[in-house]
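Here's the structure, in structure tokens; my notes come after.
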Amino acid sequence: MPPTRRDRRKPATSTDPVQSDRPDQSDGSKPPKPHLSLTPPRVVFLFVLFLSSISLLIIYLQSETSPVPPATVLSVYERGLVRPDISYKDILAENERVSENRSHRHFLNPVLAYVTPWNSKGYDMAKVFNSKFTHISPVWYQLKSEGNKLILQGQHDVDLGWISELRKGGNSLVVPRVLLEASPAEVLVKQKQLSKAIDLIIKECQEMGFDGIVLESWLSWAAYGVLNDPELRMMALNFIKQLGETMHSVNSGPNPSQHLQLILVISPVRSEKLSGYDFGPEDLKQLADSVDGFSLMTYDFSSLQKPGPNAPLEWIKYSLGVLLGDKGAKHAHMIFLGINFYGNDFVIAEGFGGGPIIGREFISLLEKHKPALLWERRSSEHYFSYMHDNVKHAVFFPTLMSISARLDEARAWGTGLSIWEIGQGLDYFFDLL
């Protein structure tokens, strides 16, 4: 048997070079190529590795081109912003950040939100925060006298498309405000004209699909001297009763199971003793069965001639006490306690001056003057001062803390809220509602 190549190899000695295990290529032949065996497990492994690489590449490319989703915005309570020691920096940084949960209600009693045609932001806020309100009142109508005729004006402001969007987004009742400007001699004294006024209001509600109205007449009657005359005052109360009872006999178009609602705007008490023009507890008792609610205007406490807080909390408590007597009183649920979403920039100098400001003007003042906000404990309001052209100004504007204090007061008495008006404040105010 011929010897194999392995048999012909010499044993290695100390003087011989180390023998390689590689095949002897002295005969000029090419080395054999290594053979890779692609067994089924190895094929699967390579396929998975390929897919993983593709997935990682896609994730990387998406991270380079897609924006990072914003973090969830918590409520102002959770962010710790409802406190007296707030700074202008806090307000500037946070006022546009609103909780993503816009349907949750913190204030469970009725809420009436006013919207004005001259401030379009209010229309948007009504849609965005629809679920926070039970009633929305666009300020659209005026009932006027023209000679011996009564006319209802304001139809040019009515936005039926906006109303349709409101109804799709929530269950708020649409109750436009009607300002009574007609002469009392026409509306109150003449029964025919009184009936005509009621017919105009009912017809408008039916044709436009409203859920009722908010009637503002008390201040007008006070200006005409109606409320200081016992006979005319009784006629005024009788007009409200007849209007309310007629509206209660008519079903609301959008809500056939409900009657048309009547909410009456009333003035707060401004002195220790009730005046003839004040709306008092006896008026409340007389109208309670004919009216669905009372919008109490507890704001505008101060004026250009007497600068100060917009609505001191002690004054609000006093006004509720005069009207209701005790907390949790029988008719407390019918009161929509007024809170302002606007403020005032007063000139503190001889001659005085200044005027109302809304949210964007307040923010502009903070950005320009960077003031220190002070908490006035008795009024439960924030304010700050600044100098302009060597003239001192004092600014009173609602804050989360001041609004929260008034919500707590409303809860304690068992009342609802009325807001004048929702386009004038800061966005994060709605987190409180």
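Following the order of the structure tokens, first chain is A, next is B, and so on, with residues numbered from 1 inside each chain and ligands from 1 in the order they appear.
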
Checklist entry - Which neighbours of range 208-214 of chain A fall inside 8 Å, counting only C-alpha atoms, when residues of the same chain fewer than 6 positions from it are skipped, and could you give them as a PyMOL selection string? => result chain A and resi 137+160+173-178+247+252-255+259-265

Export of prior selection with C-alpha atoms as a PDB file, in the first residue's frame:
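Here's the written file part_7.pdb:
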ATOM      1  CA  SER A 137     -75.181  83.996  26.738  1.00  0.00           C
ATOM      2  CA  LEU A 160     -76.263  80.333  13.741  1.00  0.00           C
ATOM      3  CA  LEU A 173     -78.034  76.073  26.798  1.00  0.00           C
ATOM      4  CA  VAL A 174     -77.875  79.083  24.467  1.00  0.00           C
ATOM      5  CA  VAL A 175     -79.613  82.029  26.168  1.00  0.00           C
ATOM      6  CA  PRO A 176     -78.812  85.367  24.442  1.00  0.00           C
ATOM      7  CA  ARG A 177     -78.891  88.531  26.491  1.00  0.00           C
ATOM      8  CA  VAL A 178     -81.691  90.988  25.751  1.00  0.00           C
ATOM      9  CA  MET A 247     -91.655  81.378  28.465  1.00  0.00           C
ATOM     10  CA  SER A 252     -87.390  74.824  23.824  1.00  0.00           C
ATOM     11  CA  GLY A 253     -86.877  73.829  20.176  1.00  0.00           C
ATOM     12  CA  PRO A 254     -83.487  72.101  20.651  1.00  0.00           C
ATOM     13  CA  ASN A 255     -84.648  70.551  23.950  1.00  0.00           C
ATOM     14  CA  HIS A 259     -89.296  74.969  28.618  1.00  0.00           C
ATOM     15  CA  LEU A 260     -87.687  78.262  27.589  1.00  0.00           C
ATOM     16  CA  GLN A 261     -85.625  79.686  30.431  1.00  0.00           C
ATOM     17  CA  LEU A 262     -85.532  83.236  31.795  1.00  0.00           C
ATOM     18  CA  ILE A 263     -82.480  84.525  33.690  1.00  0.00           C
ATOM     19  CA  LEU A 264     -82.669  88.030  35.165  1.00  0.00           C
ATOM     20  CA  VAL A 265     -79.608  90.250  35.593  1.00  0.00           C
TER      21      VAL A 265
END

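Atom pair CA of Glu361 in chain A / CA of Ala349 in chain A: separated by 21.1 Å.
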
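Taking CA of Ser380 in chain A and CA of Gly308 in chain A as endpoints, the distance between them is 12.0 Å.
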
Next on the checklist: Report as JSON, numbers by chain all protein, DNA and RNA residues lying within 12 Å of Lys370 in chain A, evaluated on only C-alpha atoms, omitting residues in the same chain fewer than 6 positions from it.
Outcome noted: {"A": [87, 88, 89, 90, 91, 92, 362, 363, 364, 384, 385, 386, 387]}

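Residues in contact range of range 225-235 of chain A, defined as at most 12 Å between only C-alpha atoms, with sequence neighbours fewer than 6 positions away removed, read Ser183, Pro184, Ala185, Glu186, Val187, Leu188, Val189, Lys190, Gln191, Leu194, Ser217, Trp218, Leu219, Lys241, Gln242, Leu274, Ser275, Gly276, Tyr277, Asp278, Phe279, Gly280, Glu282, Asp283, Gln286 and Leu287 of chain A.
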
Checklist entry - Any idea what's packed within 8 Å of Thr399 in chain A, counting only C-alpha atoms, ignoring anything in its chain fewer than 6 positions away? Could you give it as a PyMOL selection string? => result chain A and resi 381-382+429

Atoms to include: N, CA and C atoms. Write the selected residues as a PDB file, in the first residue's frame.
ATOM      1  N   GLU A 381     -57.437  89.727  46.254  1.00  0.00           N
ATOM      2  CA  GLU A 381     -57.071  90.044  44.879  1.00  0.00           C
ATOM      3  C   GLU A 381     -55.585  90.382  44.802  1.00  0.00           C
ATOM      4  N   HIS A 382     -55.000  90.096  43.631  1.00  0.00           N
ATOM      5  CA  HIS A 382     -53.629  90.526  43.345  1.00  0.00           C
ATOM      6  C   HIS A 382     -53.648  91.898  42.672  1.00  0.00           C
ATOM      7  N   PHE A 429     -57.389  80.168  33.103  1.00  0.00           N
ATOM      8  CA  PHE A 429     -58.498  80.371  34.040  1.00  0.00           C
ATOM      9  C   PHE A 429     -59.511  79.242  33.942  1.00  0.00           C
TER      10      PHE A 429
END

Enumerate the residues of range 65-197 of chain A with a DSSP assignment of alpha helix (DSSP H), computed from the backbone, and present them as a CSV table (one decimal) with all heavy atoms, in the first residue's frame.
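Output below, filename out06.csv:
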chain,number,residue,atom,x,y,z
A,65,THR,N,-36.7,63.0,11.9
A,65,THR,CA,-37.6,63.8,11.1
A,65,THR,C,-38.9,64.2,11.9
A,65,THR,O,-39.5,65.1,11.6
A,65,THR,CB,-38.0,63.1,9.8
A,65,THR,OG1,-38.6,61.8,10.1
A,65,THR,CG2,-36.7,62.9,8.9
A,88,TYR,N,-44.8,87.4,38.2
A,88,TYR,CA,-45.1,87.7,36.8
A,88,TYR,C,-44.5,86.7,35.9
A,88,TYR,O,-45.0,86.4,34.8
A,88,TYR,CB,-44.6,89.1,36.4
A,88,TYR,CG,-43.1,89.2,36.1
A,88,TYR,CD1,-42.6,89.1,34.8
A,88,TYR,CD2,-42.2,89.5,37.1
A,88,TYR,CE1,-41.3,89.1,34.5
A,88,TYR,CE2,-40.8,89.6,36.9
A,88,TYR,CZ,-40.4,89.4,35.6
A,88,TYR,OH,-39.0,89.5,35.3
A,89,LYS,N,-43.3,86.1,36.2
A,89,LYS,CA,-42.7,85.1,35.4
A,89,LYS,C,-43.6,83.8,35.3
A,89,LYS,O,-43.7,83.2,34.3
A,89,LYS,CB,-41.3,84.7,36.0
A,89,LYS,CG,-40.3,85.8,35.9
A,89,LYS,CD,-38.9,85.3,36.4
A,89,LYS,CE,-37.9,86.4,36.3
A,89,LYS,NZ,-36.6,86.0,36.9
A,90,ASP,N,-44.2,83.4,36.5
A,90,ASP,CA,-45.1,82.3,36.5
A,90,ASP,C,-46.2,82.5,35.5
A,90,ASP,O,-46.6,81.6,34.7
A,90,ASP,CB,-45.6,82.1,37.9
A,90,ASP,CG,-44.6,81.7,38.9
A,90,ASP,OD1,-43.6,81.0,38.5
A,90,ASP,OD2,-44.7,82.1,40.0
A,91,ILE,N,-46.8,83.7,35.5
A,91,ILE,CA,-48.0,84.0,34.7
A,91,ILE,C,-47.6,84.0,33.2
A,91,ILE,O,-48.3,83.4,32.4
A,91,ILE,CB,-48.6,85.3,35.1
A,91,ILE,CG1,-49.1,85.3,36.5
A,91,ILE,CG2,-49.7,85.7,34.1
A,91,ILE,CD1,-49.6,86.6,37.0
A,92,LEU,N,-46.4,84.6,32.9
A,92,LEU,CA,-46.0,84.6,31.5
A,92,LEU,C,-45.7,83.3,31.0
A,92,LEU,O,-46.0,82.9,29.8
A,92,LEU,CB,-44.8,85.5,31.4
A,92,LEU,CG,-45.0,87.0,31.6
A,92,LEU,CD1,-43.6,87.8,31.5
A,92,LEU,CD2,-46.0,87.6,30.7
A,93,ALA,N,-45.1,82.4,31.8
A,93,ALA,CA,-44.7,81.1,31.4
A,93,ALA,C,-45.9,80.1,31.3
A,93,ALA,O,-45.9,79.2,30.4
A,93,ALA,CB,-43.7,80.5,32.3
A,94,GLU,N,-46.9,80.3,32.1
A,94,GLU,CA,-48.0,79.3,32.2
A,94,GLU,C,-49.3,79.7,31.7
A,94,GLU,O,-50.2,78.8,31.5
A,94,GLU,CB,-48.1,78.9,33.7
A,94,GLU,CG,-46.9,78.4,34.4
A,94,GLU,CD,-46.6,76.9,33.9
A,94,GLU,OE1,-47.4,76.3,33.3
A,94,GLU,OE2,-45.5,76.5,34.2
A,121,LYS,N,-62.6,86.4,20.7
A,121,LYS,CA,-62.0,85.3,21.4
A,121,LYS,C,-63.0,84.5,22.3
A,121,LYS,O,-62.9,83.3,22.4
A,121,LYS,CB,-60.8,85.8,22.3
A,121,LYS,CG,-60.1,84.7,23.1
A,121,LYS,CD,-59.0,85.2,23.9
A,121,LYS,CE,-58.3,84.1,24.7
A,121,LYS,NZ,-57.2,84.5,25.6
A,122,GLY,N,-64.0,85.2,22.8
A,122,GLY,CA,-65.0,84.5,23.6
A,122,GLY,C,-65.8,83.5,22.8
A,122,GLY,O,-66.1,82.4,23.4
A,123,TYR,N,-66.0,83.7,21.5
A,123,TYR,CA,-66.7,82.7,20.7
A,123,TYR,C,-65.9,81.4,20.6
A,123,TYR,O,-66.4,80.3,20.7
A,123,TYR,CB,-66.9,83.2,19.3
A,123,TYR,CG,-68.0,84.3,19.2
A,123,TYR,CD1,-67.7,85.6,19.3
A,123,TYR,CD2,-69.3,83.9,19.0
A,123,TYR,CE1,-68.7,86.6,19.2
A,123,TYR,CE2,-70.3,84.9,18.9
A,123,TYR,CZ,-70.0,86.2,19.0
A,123,TYR,OH,-71.0,87.2,18.9
A,124,ASP,N,-64.5,81.6,20.5
A,124,ASP,CA,-63.7,80.4,20.4
A,124,ASP,C,-63.6,79.7,21.8
A,124,ASP,O,-63.6,78.4,21.9
A,124,ASP,CB,-62.2,80.8,20.0
A,124,ASP,CG,-62.2,81.4,18.6
A,124,ASP,OD1,-63.0,80.9,17.8
A,124,ASP,OD2,-61.4,82.2,18.3
A,125,MET,N,-63.5,80.4,22.9
A,125,MET,CA,-63.4,79.8,24.2
A,125,MET,C,-64.7,79.1,24.5
A,125,MET,O,-64.7,78.0,25.2
A,125,MET,CB,-63.2,80.9,25.3
A,125,MET,CG,-61.9,81.6,25.2
A,125,MET,SD,-60.4,80.6,25.4
A,125,MET,CE,-59.9,80.3,23.7
A,126,ALA,N,-65.8,79.6,24.1
A,126,ALA,CA,-67.1,78.9,24.3
A,126,ALA,C,-67.1,77.5,23.6
A,126,ALA,O,-67.7,76.5,24.2
A,126,ALA,CB,-68.3,79.7,23.8
A,127,LYS,N,-66.5,77.4,22.5
A,127,LYS,CA,-66.5,76.1,21.8
A,127,LYS,C,-65.4,75.2,22.4
A,127,LYS,O,-65.7,74.0,22.6
A,127,LYS,CB,-66.1,76.3,20.3
A,127,LYS,CG,-67.2,77.0,19.5
A,127,LYS,CD,-66.9,77.0,18.0
A,127,LYS,CE,-65.8,77.9,17.6
A,127,LYS,NZ,-65.5,78.0,16.2
A,128,VAL,N,-64.3,75.7,22.8
A,128,VAL,CA,-63.2,74.9,23.3
A,128,VAL,C,-63.6,74.3,24.7
A,128,VAL,O,-63.3,73.2,25.0
A,128,VAL,CB,-61.9,75.7,23.4
A,128,VAL,CG1,-60.8,74.9,24.1
A,128,VAL,CG2,-61.4,76.0,22.0
A,160,LEU,N,-75.6,81.6,13.6
A,160,LEU,CA,-76.3,80.3,13.7
A,160,LEU,C,-75.3,79.2,13.5
A,160,LEU,O,-75.4,78.1,14.1
A,160,LEU,CB,-77.4,80.2,12.7
A,160,LEU,CG,-78.6,81.1,13.0
A,160,LEU,CD1,-79.6,81.0,11.8
A,160,LEU,CD2,-79.2,80.9,14.3
A,161,GLY,N,-74.2,79.5,12.7
A,161,GLY,CA,-73.2,78.4,12.5
A,161,GLY,C,-72.4,78.1,13.8
A,161,GLY,O,-72.2,77.0,14.1
A,162,TRP,N,-72.1,79.2,14.6
A,162,TRP,CA,-71.5,79.0,15.9
A,162,TRP,C,-72.4,78.3,16.8
A,162,TRP,O,-71.9,77.4,17.6
A,162,TRP,CB,-71.1,80.4,16.4
A,162,TRP,CG,-70.6,80.5,17.8
A,162,TRP,CD1,-69.3,80.0,18.2
A,162,TRP,CD2,-71.2,80.9,19.0
A,162,TRP,NE1,-69.2,80.2,19.6
A,162,TRP,CE2,-70.4,80.8,20.0
A,162,TRP,CE3,-72.5,81.5,19.2
A,162,TRP,CZ2,-70.7,81.1,21.3
A,162,TRP,CZ3,-72.8,81.8,20.5
A,162,TRP,CH2,-71.9,81.7,21.5
A,163,ILE,N,-73.7,78.6,16.9
A,163,ILE,CA,-74.6,77.9,17.7
A,163,ILE,C,-74.6,76.4,17.4
A,163,ILE,O,-74.6,75.5,18.3
A,163,ILE,CB,-76.0,78.5,17.6
A,163,ILE,CG1,-76.0,79.9,18.2
A,163,ILE,CG2,-77.0,77.6,18.4
A,163,ILE,CD1,-77.3,80.6,18.0
A,164,SER,N,-74.6,76.1,16.1
A,164,SER,CA,-74.6,74.7,15.6
A,164,SER,C,-73.4,74.0,16.2
A,164,SER,O,-73.5,72.8,16.6
A,164,SER,CB,-74.7,74.6,14.1
A,164,SER,OG,-74.6,73.3,13.7
A,165,GLU,N,-72.2,74.6,16.1
A,165,GLU,CA,-71.0,74.0,16.6
A,165,GLU,C,-71.1,73.8,18.1
A,165,GLU,O,-70.6,72.8,18.6
A,165,GLU,CB,-69.8,74.9,16.2
A,165,GLU,CG,-69.5,74.9,14.7
A,165,GLU,CD,-68.2,75.7,14.5
A,165,GLU,OE1,-67.1,75.3,14.9
A,165,GLU,OE2,-68.3,76.8,13.9
A,166,LEU,N,-71.6,74.8,18.8
A,166,LEU,CA,-71.8,74.6,20.3
A,166,LEU,C,-72.6,73.4,20.6
A,166,LEU,O,-72.3,72.6,21.5
A,166,LEU,CB,-72.5,75.8,20.9
A,166,LEU,CG,-71.7,77.1,21.0
A,166,LEU,CD1,-72.5,78.2,21.6
A,166,LEU,CD2,-70.4,76.9,21.9
A,167,ARG,N,-73.7,73.2,19.9
A,167,ARG,CA,-74.6,72.1,20.2
A,167,ARG,C,-74.0,70.7,19.8
A,167,ARG,O,-74.3,69.7,20.5
A,167,ARG,CB,-75.9,72.3,19.4
A,167,ARG,CG,-76.7,73.5,19.8
A,167,ARG,CD,-78.2,73.4,19.6
A,167,ARG,NE,-78.9,74.7,19.8
A,167,ARG,CZ,-79.2,75.1,21.0
A,167,ARG,NH1,-78.9,74.5,22.1
A,167,ARG,NH2,-79.9,76.3,21.1
A,168,LYS,N,-73.1,70.7,18.8
A,168,LYS,CA,-72.4,69.5,18.5
A,168,LYS,C,-71.4,69.1,19.6
A,168,LYS,O,-71.1,67.9,19.8
A,168,LYS,CB,-71.7,69.6,17.1
A,168,LYS,CG,-72.7,69.7,16.0
A,168,LYS,CD,-71.9,69.9,14.7
A,168,LYS,CE,-72.9,70.0,13.5
A,168,LYS,NZ,-72.1,70.3,12.2
A,169,GLY,N,-70.8,70.2,20.2
A,169,GLY,CA,-69.7,69.9,21.1
A,169,GLY,C,-70.1,69.8,22.6
A,169,GLY,O,-69.2,69.5,23.4
A,184,PRO,N,-90.0,102.7,29.9
A,184,PRO,CA,-91.0,102.0,30.8
A,184,PRO,C,-92.4,102.5,30.6
A,184,PRO,O,-93.3,101.7,30.9
A,184,PRO,CB,-90.4,102.5,32.2
A,184,PRO,CG,-89.0,102.8,32.0
A,184,PRO,CD,-89.0,103.4,30.6
A,185,ALA,N,-92.6,103.7,30.2
A,185,ALA,CA,-94.0,104.2,30.0
A,185,ALA,C,-94.6,103.4,28.9
A,185,ALA,O,-95.9,103.3,28.8
A,185,ALA,CB,-93.9,105.7,29.6
A,186,GLU,N,-93.9,102.8,28.0
A,186,GLU,CA,-94.4,102.0,26.9
A,186,GLU,C,-94.6,100.6,27.3
A,186,GLU,O,-95.7,100.0,27.1
A,186,GLU,CB,-93.5,102.1,25.7
A,186,GLU,CG,-93.5,103.4,25.0
A,186,GLU,CD,-94.8,103.7,24.3
A,186,GLU,OE1,-95.5,102.8,23.8
A,186,GLU,OE2,-95.2,104.9,24.4
A,187,VAL,N,-93.5,100.0,27.9
A,187,VAL,CA,-93.5,98.5,28.2
A,187,VAL,C,-94.3,98.2,29.5
A,187,VAL,O,-95.0,97.2,29.5
A,187,VAL,CB,-92.1,98.0,28.3
A,187,VAL,CG1,-92.1,96.5,28.7
A,187,VAL,CG2,-91.3,98.2,27.0
A,191,GLN,N,-100.6,97.7,28.7
A,191,GLN,CA,-100.7,96.2,28.6
A,191,GLN,C,-100.5,95.7,27.2
A,191,GLN,O,-99.8,94.6,27.0
A,191,GLN,CB,-102.1,95.7,29.2
A,191,GLN,CG,-102.3,94.2,29.2
A,191,GLN,CD,-101.3,93.5,30.0
A,191,GLN,OE1,-100.9,94.0,31.1
A,191,GLN,NE2,-100.8,92.4,29.6
A,192,LYS,N,-101.0,96.4,26.2
A,192,LYS,CA,-100.8,96.0,24.9
A,192,LYS,C,-99.3,95.9,24.5
A,192,LYS,O,-98.9,95.0,23.8
A,192,LYS,CB,-101.6,96.9,23.9
A,192,LYS,CG,-101.5,96.5,22.5
A,192,LYS,CD,-102.4,97.4,21.6
A,192,LYS,CE,-102.3,97.0,20.1
A,192,LYS,NZ,-103.2,97.9,19.3
A,193,GLN,N,-98.6,96.9,24.9
A,193,GLN,CA,-97.1,97.0,24.6
A,193,GLN,C,-96.4,95.9,25.4
A,193,GLN,O,-95.4,95.4,24.9
A,193,GLN,CB,-96.6,98.4,24.9
A,193,GLN,CG,-97.1,99.5,24.0
A,193,GLN,CD,-96.6,99.3,22.5
A,193,GLN,OE1,-97.0,98.4,21.8
A,193,GLN,NE2,-95.6,100.2,22.1
A,194,LEU,N,-96.8,95.7,26.6
A,194,LEU,CA,-96.2,94.7,27.4
A,194,LEU,C,-96.4,93.3,26.7
A,194,LEU,O,-95.4,92.5,26.6
A,194,LEU,CB,-96.9,94.6,28.8
A,194,LEU,CG,-96.3,93.7,29.9
A,194,LEU,CD1,-96.5,94.3,31.3
A,194,LEU,CD2,-96.9,92.3,29.8
A,195,SER,N,-97.5,93.0,26.2
A,195,SER,CA,-97.8,91.8,25.5
A,195,SER,C,-96.9,91.7,24.3
A,195,SER,O,-96.4,90.6,23.9
A,195,SER,CB,-99.2,91.6,25.2
A,195,SER,OG,-100.0,91.6,26.4
A,196,LYS,N,-96.8,92.8,23.6
A,196,LYS,CA,-96.0,92.9,22.3
A,196,LYS,C,-94.5,92.6,22.6
A,196,LYS,O,-93.9,91.8,21.9
A,196,LYS,CB,-96.1,94.3,21.7
A,196,LYS,CG,-95.3,94.5,20.5
A,196,LYS,CD,-95.7,93.6,19.3
A,196,LYS,CE,-94.9,93.9,18.1
A,196,LYS,NZ,-95.3,93.0,17.0
A,197,ALA,N,-94.0,93.1,23.7
A,197,ALA,CA,-92.6,92.9,24.1
A,197,ALA,C,-92.4,91.4,24.4
A,197,ALA,O,-91.4,90.8,23.9
A,197,ALA,CB,-92.2,93.7,25.3

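Take CA of Ala372 in chain A and CA of Arg83 in chain A: the distance between them is 14.5 Å.
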
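Of the residues under consideration (A:Trp420, A:Phe239, A:Phe397, A:Phe129), A:Trp420 shows the shortest atom-to-atom contact distance to Leu337 in chain A when counting only C-alpha atoms.
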
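Minimum atom-to-atom distances from A:Leu143, A:Met297, A:Ala311, A:Ile348 to Val391 in chain A were compared using only C-alpha atoms, and the lowest value belongs to A:Ile348.
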
Next on the checklist: Can you pull out every residue from range 206-360 of chain A that DSSP, working from the backbone, puts in strand (DSSP E), and format the result as a PyMOL selection string?
Outcome noted: chain A and resi 212-216+261-266+293-296+335-340+343-347+354-357

Just N, CA and C atoms for this one: save the residues we selected as a short mmCIF file (atom, residue, chain, number, x, y, z; two decimals), in the first residue's frame.
data_model
loop_
_atom_site.label_atom_id
_atom_site.label_comp_id
_atom_site.auth_asym_id
_atom_site.auth_seq_id
_atom_site.Cartn_x
_atom_site.Cartn_y
_atom_site.Cartn_z
N GLY A 212 -83.77 80.09 25.63
CA GLY A 212 -84.30 81.10 26.53
C GLY A 212 -83.53 82.38 26.35
N ILE A 213 -83.61 83.29 27.34
CA ILE A 213 -82.87 84.55 27.27
C ILE A 213 -82.34 84.93 28.65
N VAL A 214 -81.40 85.85 28.64
CA VAL A 214 -80.99 86.58 29.84
C VAL A 214 -81.51 88.00 29.66
N LEU A 215 -82.35 88.45 30.59
CA LEU A 215 -82.95 89.79 30.50
C LEU A 215 -82.18 90.76 31.39
N GLU A 216 -81.70 91.85 30.79
CA GLU A 216 -81.06 92.91 31.58
C GLU A 216 -81.94 94.16 31.51
N GLN A 261 -86.08 79.19 29.14
CA GLN A 261 -85.63 79.69 30.43
C GLN A 261 -85.47 81.20 30.42
N LEU A 262 -85.72 81.81 31.60
CA LEU A 262 -85.53 83.24 31.80
C LEU A 262 -84.57 83.46 32.95
N ILE A 263 -83.45 84.14 32.66
CA ILE A 263 -82.48 84.53 33.69
C ILE A 263 -82.48 86.04 33.76
N LEU A 264 -82.59 86.58 34.97
CA LEU A 264 -82.67 88.03 35.16
C LEU A 264 -81.35 88.55 35.72
N VAL A 265 -80.82 89.59 35.09
CA VAL A 265 -79.61 90.25 35.59
C VAL A 265 -79.99 91.18 36.74
N ILE A 266 -79.28 91.05 37.88
CA ILE A 266 -79.59 91.89 39.04
C ILE A 266 -78.32 92.54 39.58
N GLY A 293 -83.25 81.83 37.03
CA GLY A 293 -81.99 82.17 37.65
C GLY A 293 -81.79 83.67 37.68
N PHE A 294 -80.82 84.11 38.51
CA PHE A 294 -80.51 85.52 38.67
C PHE A 294 -79.00 85.71 38.51
N SER A 295 -78.62 86.51 37.54
CA SER A 295 -77.20 86.79 37.28
C SER A 295 -76.79 88.01 38.09
N LEU A 296 -76.07 87.76 39.18
CA LEU A 296 -75.70 88.80 40.14
C LEU A 296 -74.38 89.45 39.73
N ILE A 335 -78.91 81.63 42.09
CA ILE A 335 -78.01 82.77 41.92
C ILE A 335 -76.79 82.36 41.10
N PHE A 336 -76.50 83.12 40.05
CA PHE A 336 -75.25 82.98 39.30
C PHE A 336 -74.33 84.09 39.81
N LEU A 337 -73.43 83.74 40.73
CA LEU A 337 -72.53 84.73 41.32
C LEU A 337 -71.57 85.28 40.27
N GLY A 338 -71.54 86.59 40.10
CA GLY A 338 -70.73 87.19 39.04
C GLY A 338 -69.25 87.26 39.38
N ILE A 339 -68.41 86.84 38.45
CA ILE A 339 -66.97 87.03 38.56
C ILE A 339 -66.47 87.65 37.25
N ASN A 340 -65.48 88.50 37.36
CA ASN A 340 -64.94 89.20 36.19
C ASN A 340 -63.68 88.51 35.68
N GLY A 343 -59.84 93.20 34.05
CA GLY A 343 -59.29 93.94 35.17
C GLY A 343 -59.33 95.43 34.91
N ASN A 344 -58.59 96.18 35.71
CA ASN A 344 -58.53 97.63 35.56
C ASN A 344 -57.10 98.13 35.75
N ASP A 345 -56.75 99.10 34.94
CA ASP A 345 -55.47 99.80 35.06
C ASP A 345 -55.80 101.23 35.46
N PHE A 346 -55.66 101.53 36.75
CA PHE A 346 -56.03 102.83 37.28
C PHE A 346 -54.84 103.78 37.31
N VAL A 347 -55.08 105.04 37.03
CA VAL A 347 -54.08 106.09 37.22
C VAL A 347 -54.23 106.62 38.64
N GLY A 354 -57.44 106.10 33.55
CA GLY A 354 -57.26 104.68 33.32
C GLY A 354 -58.51 104.05 32.78
N GLY A 355 -58.64 102.72 32.95
CA GLY A 355 -59.82 102.03 32.46
C GLY A 355 -59.65 100.53 32.45
N PRO A 356 -60.66 99.81 31.95
CA PRO A 356 -60.61 98.35 31.93
C PRO A 356 -59.52 97.82 31.01
N ILE A 357 -58.98 96.65 31.36
CA ILE A 357 -58.02 95.95 30.50
C ILE A 357 -58.42 94.48 30.42
#
